[in-house]
Structure formats: C-alpha cells, structure tokens
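Colleague: Below are the structure tokens for one structure; questions will follow.
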Amino acid sequence: MDIEEKELAFLTMPFGPQHPASGHFHALMKVEGERVHELEPHPGYLHRGFEKLMEYRVHVQNCPLVDRICILDPFPNELGYVNAVEKLGGVEVPERARYIRIIMTEFGRILSHITWMGVMGMVLGFDSACRIAWGDRERVIRLNEIISGGRLYPCYFCPGGVRRDMSQEFIKMAFENLDYLEKQLDFYDPFFFDNETFIMRTKGVGKLSAEEAIDLGTTGPNLRACGVDYDIRKDEPYEVYPKVDFNVITREEGDAYARGMCRRGEIAESISIIRQLLNKLPDGPFRTEIGPAWAAPEGESYFCVEAARGELCFHMVSDGSPVPYRAKVRGPSFSHSLVVFPYLAKGGTIADVPIIYWSLDGCPADMDR
Amino acid sequence: MKKLTPRFIKSKHEARAWSFWAINYFTACGFMELLPWVGSGYDMERFGILAVPTPRHADVFIVAGYVTKKAAKRIKMIYDQMPSPKYVLALGSCPMTGGMYWDSYATIKRVDEIIPVDLWIEGCPPKPENIGHGIVMATNVVKSGYEGH
Amino acid sequence: MIDKITSLLKPKFADSLLKIVGEGKEITLLVKKEKAHQILSELKDAGFNHLSDVSAVDYIDEQEFELVYHLWAHREKIRAIVKVRIPREAPKLKSVVDLWTGAQIHEREDHELFGINFEGNPNLSPLFLEDWEEIPPFRKDFDTRKYVKEKYYSEEEEYPVAKG
C-alpha cells in the first residue's frame with residue numbers, strides 16, 4: 001500500500017471530554033482495528049488562568065483560590081503556596097502549626113488514594129469497589145469538616161500557621177477513624193488488590209523503564225514504581241518530616257500493577273505517620289498574625305511538595321507589593337497526562353487506554369490550571 | 001384483615017420523576033460532591049437516578065461547576081443530542097454568576113447563555129444534603145406536571 | 001558537588017556566566033542567552049537528569065522576559081536554577097527538547113501564554129485556548145478584569161448578564 005492508502009486505513013476516534021473513564025480530558029486516537037497507532041491529547045477544558053488571577057489578590061486572599069487547583073488533593077496546594085510565601089518573607093511558624101499541617105496533609109493523601117481506588121474499580125468494570133471506597137471517603141471528609149468548616153476545600157493553612165486550633169475531640173475522632181481505615185485496608189487486600197480482575201488487566205500494561213521515566217519528567221508514585229527512589233519528603237525534607245519514621249515504597253516492574261501497589265503501600269505508611277505525629281503533638285500557639293496588607297520583600301523563591309500525584313512546585317516572584325508579581329504552579333499531572341500517556345498508549349489496544357490513563361492518576365484540573 | 005392494595009404509578013409525570021437518568025459528564029470541581037451520592041454514603045440509585053454514558057439515554061443534564069469557553073461548545077452539542085423531555089440542573093455558584101473565577105478570561109459567567117436552566121443549587125461546592133434537597137424539589141416539580149423542554 | 005560544578009563551568013564559559021551562587025543544596029546561575037543551551041547540556045552531563053519546570057516571568061519595565069529552568073540531580077540530590085534573559089520584542093530561544101523530552105510541553109505552554117518562540121520544538125500549536133484573538137494572556141499589558149467587564153458584565157450594574 002502506498003502512503004495515501006495507509007492513511008485512509010486509520011479511524012480517528014475521540015477519547016472524548018464526555019466519557020465515563022476520562023475526567024474532562026480529550027484525546028484523539030488513530031486506531032487500526034483494535035490497535036492504537038497514535039494518541040494526541042487536547043487539554044484546556046478546565047483552564048481558568050490561575051496564575052494570572054493570583055496576581056490580582058493579596059496573599060491572604062490567594063489561600064482559598066490556591067485550594068482549587070486540584071480538588072482531589074487540596075492540602076499540598078495550600079502547603080506549597082504557604083511555604084513559598086513564608087520562605088520569601090521569613091515568617092516564623094510555631095511548632096504546633098507545623099505538626100497540624102502535616103497531619104492534615106497525610107489525611108489528604110489517604111483520601112486521594114482511596115478516591116483513586118474507586119475510580120480504578122469503575123474503569124475495570126468492578127463497580128462494587130467504587131461504591132464501597134467512596135463510602136469510606138466520608139470518614140476523612142468529616143474530619144476535614146470538623147477542623148476547618150469546609151468538606152473538600154478546607155482553606156485551612158495561611159501564611160503564619162493554621163486558621164484554627166486542633167481540639168482534643170478531633171484527636172479522639174482521628175484515632176478512631178485511623179483504626180477503622182486500617183481494618184478496611186485488610187478488607188481491601190483480598191477484595192481489590194489481590195483480585196484476579198485487577199491483576200489480569202493491569203499486569204504488563206503500560207510498562208515504563210527508569211531512564212524513560214526520568215527523561216519524560218515523571219514524578220511521584222509513577223516514578224517509584226519504576227525503581228527510582230525519589231520522594232521529596234526524604235530528599236528535600238520540609239516541615240516536620242525529619243522527625244518521623246517512614247519507608248519509601250518502591251517497586252521494580254514499572255507497569256500499571258506496580259503503580260497501584262505503590263499507592264496501596266503509601267496508605268499504610270500515611271496511617272503510621274499520622275499516629276506518630278498525634279502522639280507527640282506539642283502545645284503552644286497555632287498562628288503568627290501577619291495581617292491582610294503584609295507585603296513580601298523583593299525576591300524569588302521555589303518550593304516543592306510531595307503531593308499524592310507527584311511533585312508540586314511553586315515559583316513565587318515578589319516586587320515588594322502585597323500582591324505577588326508572578327506565581328507559577330508546576331502541577332504533577334502536566335507531564336503525566338500530556339507526555340507520558342501518549343508515549344505509553346502507542347501500540348496498545350483500545351481497552352488498555354483508560355487503564356493506562358488512570359494508573360498514572362492524572363487530575364485534569366491540575367494539568368490545565 | 002386489612003386489604004393491601006398495590007400502589008401503581010398513576011401518571012407519566014410520576015414515572016418520569018422516579019427515573020432521572022443523568023448523563024455522566026464530569027464537568028469540574030463542583031462535581032466532586034456528587035461522588036458521595038454515587039457511593040454508599042448517600043446512594044442515589046434508591047431514588048432511581050443512574051449515570052448513563054450516552055446523551056441519547058439521558059433525561060437530566062447536571063452542569064456541575066464552572067464552564068470554560070472551550071467546553072461551552074461541547075455542552076451545547078450534548079444538550080442538543082438529548083431527546084425531549086429533558087431538564088437541566090446547575091450546581092454551584094460558578095454557573096450562576098461566575099463564582100470564584102469572576103475575573104477569569106477563559107470561563108463564561110452564566111451557563112444560561114447557552115442552555116436553558118430549570119433549577120439552580122447554590123454552594124461552593126454545595127453539600128450533599130443541599131444537592132439532595134435540590135433533587136427532591138426537582139422531582140416534586142416534575143411530578144406535578146412540568147413538561148421540561 | 002557545588003564546587004565541582006563551579007570549577008567545571010567557570011573556565012569554559014567565563015564571559016557568559018554572569019553570576020553563580022551556591023548555598024546548601026541549591027545552586028543558582030545567571031547566564032547569557034547565546035550560550036544557554038550549551039551550559040544546560042553541560043549540566044545535564046554532570047548529573048542533572050530531571051527537568052522540573054521552565055517558567056517565564058515578564059519584566060515589562062526592563063522590556064525583557066526571564067526564563068527560569070529548574071533542574072534536579074537524582075543521584076547527588078542537588079537542585080540547580082538557571083536563569084536566562086531575552087528581549088521582549090520578538091522573543092526567541094533555542095529549545096532544550098533534545099536534552100529532556102519532557103521539556104516539549106513546558107515550552108508549548110510558555111509559547112501560548114507569553115508568545116515566546118522556541119526554535120527546534122516539534123509542536124508549538126495552541127494548548128489551552130481555542131480561537132484566541134487577543135495578545136498572549138499572561139503578559140503584563142493584558143488586563144483580565146477589563147477584558148471580562150467588557151465582554152460579560154452589563155454597563156449599568158456590576159453583575160454579569162446573559163448576552164446572547
């Protein structure tokens with residue numbers, strides 16, 4: 001066949017914006033029979049121009065806005081922004097506030113991984129996993145509501161500390177919910193992670209080697225599943241991570257199954273981190289007041305946080321006025337959905353495309369910002 | 001002995017109200033408060049609401065969250081493909097007047113610029129109890145004879 | 001490691017290297033745009049194999065754009081920040097796609113939102129916006145509040161109206 005006839009043999013199919021297995025993400029696939037020849041992503045359905053909006057608001061007004069970069073995992077967004085501002089301005093944060101921040105961030109990580117488990121079940125056709133996992137999410141969301149007033153958008157961290165104190169009643173409820181989640185993890189193991197459907201459909205799918213992953217810009221559990229030991233909590237520690245004991249979960253295979261098992265291991269590690277921190281929570285103030293008209297001095301700062309999806313970084317530039325001059329957000333899903341996903345989907349079958357997409361755990365909101 | 005009479009559905013309006021099939025379109029962040037309704041926390045299936053993948057089977061379009069200019073064209077396309085009678089629910093404060101992104105160059109501020117809306121539910125995002133209140137209001141209105149569009 | 005990099009780069013690029021500062025686990029370099037690609041290539045061979053981000057800042061008073069490359073070395077666990085200044089009129093720079101494949105998407109975003117041209121990038125088509133006719137939106141002379149008020153809000157009152 002000559003070149004023109006070969007082009008006509010391909011069918012262009014959308015993995016559309018309206019699809020039960022994609023978020024609000026659009027990709028055009030060139031398929032021949034069941035094989036995917038090429039995949040071209042088209043983002044932008046959730047673009048709001050975040051970084052431009054942040055240039056019109058003072059630092060305290062930016063705190064509720066920054067939450068909304070990624071709804072599946074709101075705490076690392078706040079943590080990154082608040083730390084970047086404090087690094088610019090040299091603001092002192094009390095010790096109790098640092099402990100509270102990491103306790104809530106680790107709860108957010110558990111929440112995000114349980115949501116991932118539910119969505120993965122829905123994509124595999126395993127609806128019961130979805131219904132049960134999303135019922136268990138409520139346990140963590142209610143803790144968010146008690147401490148800050150907001151279920152999914154807590155807006156809880158602010159430059160200088162946290163907005164409200166953590167009460168004894170919250171600590172008691174936190175311990176009860178941690179025991180419940182640990183018991184549920186023992187239930188999820190034979191139900192989902194050792195289930196034949198999950199293993200059969202994810203083993204060997206979307207294999208990524210360590211060199212390819214680093215070259216394409218992968219971070220987070222996706223990179224740790226290829227054998228590279230990179231966790232910002234251990235390599236560039238921030239807040240109180242030097243004071244806790246935890247393992248970094250790595251695996252060797254680099255396929256969708258390994259990425260799923262990395263996330264399951266991280267849930268167990270997060271439960272252990274929260275227990276250690278709640279047991280040694282110090283007393284003291286929880287906030288340093290800075291006021292709404294506080295201006296950061298001239299300068300630049302770059303701060304990286306380990307979110308549930310990967311490396312989330314804030315690049316802040318200030319020129320001495322109360323509003324930021326430039327605030328750039330590097331979302332973890334930017335590289336995963338737009339560079340790694342087309343690379344892995346090439347050559348596979350159509351049925352593997354949603355599995356590869358969700359095993360990379362791309363959040364379309366933090367890709368588009 | 002008391003005779004138990006079975007209760008049949010009396011009219012087509014009641015039949016419509018008890019089977020609101022919603023199209024599965026994960027629009028934006030406001031949608032995340034519909035997840036407890038899908039899960040076992042609040043469970044919408046006992047009200048007859050299902051999430052269907054194609055617009056040809058759907059009755060209800062829930063616009064949850066902000067709408068960008070790029071997505072607006074696709075929302076109009078999906079709305080046109082749904083067969084009558086159909087209803088539209090707008091969830092959150094972003095489809096109402098712009099919400100948190102009132103000064104963004106990429107979002108449209110009122111979703112009734114492109115499609116007619118029947119019910120607005122406020123919140124950012126609205127709590128699941130508020131969504132339930134809104135859905136019950138919608139079913140009552142449909143039961144009493146509202147024809148939709 | 002920081003001293004090793006300083007001693008490696010200073011003799012070769014003495015006049016292009018305007019500033020080099022190392023503190024703790026972070027090293028900052030300010031370089032001239034002519035030799036930027038070569039300096040980045042040397043850094044990649046020295047062990048900086050992960051490119052986090054390519055971010056652009058618009059300094060409208062000085063009529064310049066500044067591009068900031070954030071790099072990370074996985075083995076030595078050190079971060080490097082490389083800053084390059086280019087003129088605001090017809091901005092262009094050589095792309096680093098041949099060094100890190102993942103840079104392709106960061107440069108595409110900067111092209112759309114700031115208007116910077118990267119020579120050598122295989123795909124610079126629009127990413128987020130469709131049918132956009134104004135100037136690139138993240139430049140400092142684009143006022144988003146004025147644009148929104150003209151397009152969506154009513155003239156008399158301060159709330160948005162459904163215009164057609």
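Residue numbers start at 1 in each chain; chains themselves are named A, B, ... in the order of the structure tokens; ligands are numbered from 1 in the order shown.
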Residues of chain A were defined as contacting chain C if any atom lay at most 9 Å from it, counting only C-alpha atoms; please report them as a ChimeraX atom specification.

Modeller: /A:42-47,49,51-53,214-218,228-230,235-236,302,311,313,315,317,325-326,328,330,334-335,338-340,368

Colleague: Residues of chain B near chain A: apply a cut-off of 9 Å, count only C-alpha atoms, and supply the list as a PyMOL selection string.

Modeller: chain B and resi 23-29+32-33+35-36+38-43+51-54+66-71+74+78+100-101+103-107+124-125+127

Colleague: Taking only C-alpha atoms into account, which of A:Gly254, A:Val60, A:Phe15, A:Leu344 comes nearest A:Lys30?

Modeller: A:Phe15

Colleague: Which is closer to chain C than all the others in B:Ile131, B:Ile121, B:Ala138, B:Cys94, using only C-alpha atoms?

Modeller: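 Looking only at the distances to chain C, the closest residue turns out to be B:Cys94.
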
Colleague: Could you tell me, as number ranges by chain, which residues of stretch 2-161 of chain C DSSP assigns to helix (DSSP H, G or I) when given the backbone?

Modeller: C: 2-12, 33-45, 103-114, 144-152

Colleague: Just to be explicit: take each residue in the selection above, keep N, CA and C atoms, and write the result as a CSV table (one decimal), in the first residue's frame.

Modeller:
```
chain,number,residue,atom,x,y,z
C,2,ILE,N,28.7,21.2,44.5
C,2,ILE,CA,28.6,22.6,44.0
C,2,ILE,C,29.9,23.1,43.6
C,3,ASP,N,31.0,22.8,44.3
C,3,ASP,CA,32.3,23.3,43.9
C,3,ASP,C,32.7,22.7,42.6
C,4,LYS,N,32.4,21.4,42.5
C,4,LYS,CA,32.7,20.7,41.2
C,4,LYS,C,32.1,21.4,40.0
C,5,ILE,N,30.8,21.8,40.2
C,5,ILE,CA,30.2,22.4,39.0
C,5,ILE,C,30.8,23.8,38.7
C,6,THR,N,31.1,24.5,39.8
C,6,THR,CA,31.7,25.9,39.6
C,6,THR,C,33.0,25.7,38.9
C,7,SER,N,33.8,24.8,39.3
C,7,SER,CA,35.1,24.6,38.7
C,7,SER,C,35.0,24.1,37.3
C,8,LEU,N,33.9,23.4,37.0
C,8,LEU,CA,33.7,22.8,35.6
C,8,LEU,C,33.3,23.9,34.7
C,9,LEU,N,32.4,24.8,35.1
C,9,LEU,CA,31.8,25.8,34.2
C,9,LEU,C,32.6,27.0,34.0
C,10,LYS,N,33.2,27.5,35.1
C,10,LYS,CA,33.9,28.8,35.1
C,10,LYS,C,34.9,29.0,34.0
C,11,PRO,N,35.9,28.0,33.9
C,11,PRO,CA,36.9,28.2,32.8
C,11,PRO,C,36.3,28.2,31.4
C,12,LYS,N,35.3,27.4,31.2
C,12,LYS,CA,34.8,27.3,29.8
C,12,LYS,C,33.9,28.5,29.4
C,33,LYS,N,22.0,34.5,27.0
C,33,LYS,CA,21.2,33.6,26.2
C,33,LYS,C,22.0,32.9,25.0
C,34,GLU,N,23.2,33.5,24.6
C,34,GLU,CA,23.8,32.8,23.5
C,34,GLU,C,24.4,31.4,23.8
C,35,LYS,N,24.9,31.3,25.1
C,35,LYS,CA,25.5,30.0,25.5
C,35,LYS,C,24.5,29.2,26.4
C,36,ALA,N,23.3,29.6,26.5
C,36,ALA,CA,22.4,28.9,27.5
C,36,ALA,C,22.2,27.4,27.2
C,37,HIS,N,22.0,27.1,25.9
C,37,HIS,CA,21.8,25.7,25.6
C,37,HIS,C,23.0,24.8,25.9
C,38,GLN,N,24.3,25.4,25.6
C,38,GLN,CA,25.5,24.6,25.9
C,38,GLN,C,25.7,24.4,27.4
C,39,ILE,N,25.4,25.5,28.2
C,39,ILE,CA,25.5,25.4,29.7
C,39,ILE,C,24.6,24.3,30.2
C,40,LEU,N,23.3,24.3,29.7
C,40,LEU,CA,22.4,23.3,30.2
C,40,LEU,C,22.8,21.9,29.8
C,41,SER,N,23.4,21.8,28.6
C,41,SER,CA,23.9,20.5,28.2
C,41,SER,C,25.0,20.0,29.1
C,42,GLU,N,25.9,20.9,29.5
C,42,GLU,CA,27.0,20.5,30.4
C,42,GLU,C,26.4,20.1,31.8
C,43,LEU,N,25.3,20.8,32.2
C,43,LEU,CA,24.7,20.5,33.5
C,43,LEU,C,24.1,19.1,33.4
C,44,LYS,N,23.5,18.8,32.3
C,44,LYS,CA,22.8,17.5,32.2
C,44,LYS,C,23.9,16.4,32.2
C,45,ASP,N,25.0,16.6,31.6
C,45,ASP,CA,26.0,15.6,31.6
C,45,ASP,C,26.6,15.4,33.0
C,103,ALA,N,10.6,18.5,28.2
C,103,ALA,CA,10.5,19.9,28.1
C,103,ALA,C,9.6,20.4,27.0
C,104,GLN,N,9.2,19.5,26.1
C,104,GLN,CA,8.4,19.9,25.0
C,104,GLN,C,7.1,20.6,25.4
C,105,ILE,N,6.5,20.1,26.5
C,105,ILE,CA,5.2,20.5,26.9
C,105,ILE,C,5.3,21.8,27.7
C,106,HIS,N,6.4,22.0,28.4
C,106,HIS,CA,6.5,23.3,29.2
C,106,HIS,C,6.7,24.4,28.2
C,107,GLU,N,7.5,24.2,27.1
C,107,GLU,CA,7.8,25.2,26.2
C,107,GLU,C,6.5,25.6,25.4
C,108,ARG,N,5.7,24.6,25.1
C,108,ARG,CA,4.5,24.8,24.4
C,108,ARG,C,3.6,25.7,25.2
C,109,GLU,N,3.5,25.5,26.5
C,109,GLU,CA,2.7,26.4,27.4
C,109,GLU,C,3.2,27.8,27.4
C,110,ASP,N,4.5,28.0,27.5
C,110,ASP,CA,5.1,29.3,27.5
C,110,ASP,C,4.9,30.0,26.2
C,111,HIS,N,4.9,29.3,25.1
C,111,HIS,CA,4.7,29.9,23.8
C,111,HIS,C,3.2,30.4,23.7
C,112,GLU,N,2.3,29.7,24.3
C,112,GLU,CA,0.9,30.1,24.1
C,112,GLU,C,0.6,31.3,25.0
C,113,LEU,N,1.1,31.2,26.3
C,113,LEU,CA,0.7,32.2,27.3
C,113,LEU,C,1.5,33.5,27.3
C,114,PHE,N,2.8,33.4,26.7
C,114,PHE,CA,3.6,34.6,26.7
C,114,PHE,C,4.0,35.0,25.3
C,144,THR,N,-6.9,41.4,32.7
C,144,THR,CA,-8.0,40.4,32.6
C,144,THR,C,-9.3,40.9,33.1
C,145,ARG,N,-9.3,41.8,34.2
C,145,ARG,CA,-10.5,42.4,34.7
C,145,ARG,C,-11.2,43.3,33.7
C,146,LYS,N,-10.4,44.1,33.0
C,146,LYS,CA,-11.0,45.0,32.0
C,146,LYS,C,-11.7,44.2,30.9
C,147,TYR,N,-11.0,43.1,30.5
C,147,TYR,CA,-11.5,42.2,29.4
C,147,TYR,C,-12.8,41.6,29.8
C,148,VAL,N,-12.9,41.1,31.0
C,148,VAL,CA,-14.1,40.4,31.5
C,148,VAL,C,-15.2,41.4,31.6
C,149,LYS,N,-15.0,42.6,32.1
C,149,LYS,CA,-16.0,43.6,32.3
C,149,LYS,C,-16.6,44.0,31.0
C,150,GLU,N,-15.8,44.1,29.9
C,150,GLU,CA,-16.4,44.5,28.7
C,150,GLU,C,-17.2,43.4,28.0
C,151,LYS,N,-16.7,42.1,28.2
C,151,LYS,CA,-17.4,41.0,27.5
C,151,LYS,C,-18.6,40.5,28.2
C,152,TYR,N,-18.6,40.5,29.5
C,152,TYR,CA,-19.7,39.7,30.2
C,152,TYR,C,-20.6,40.5,31.0
```
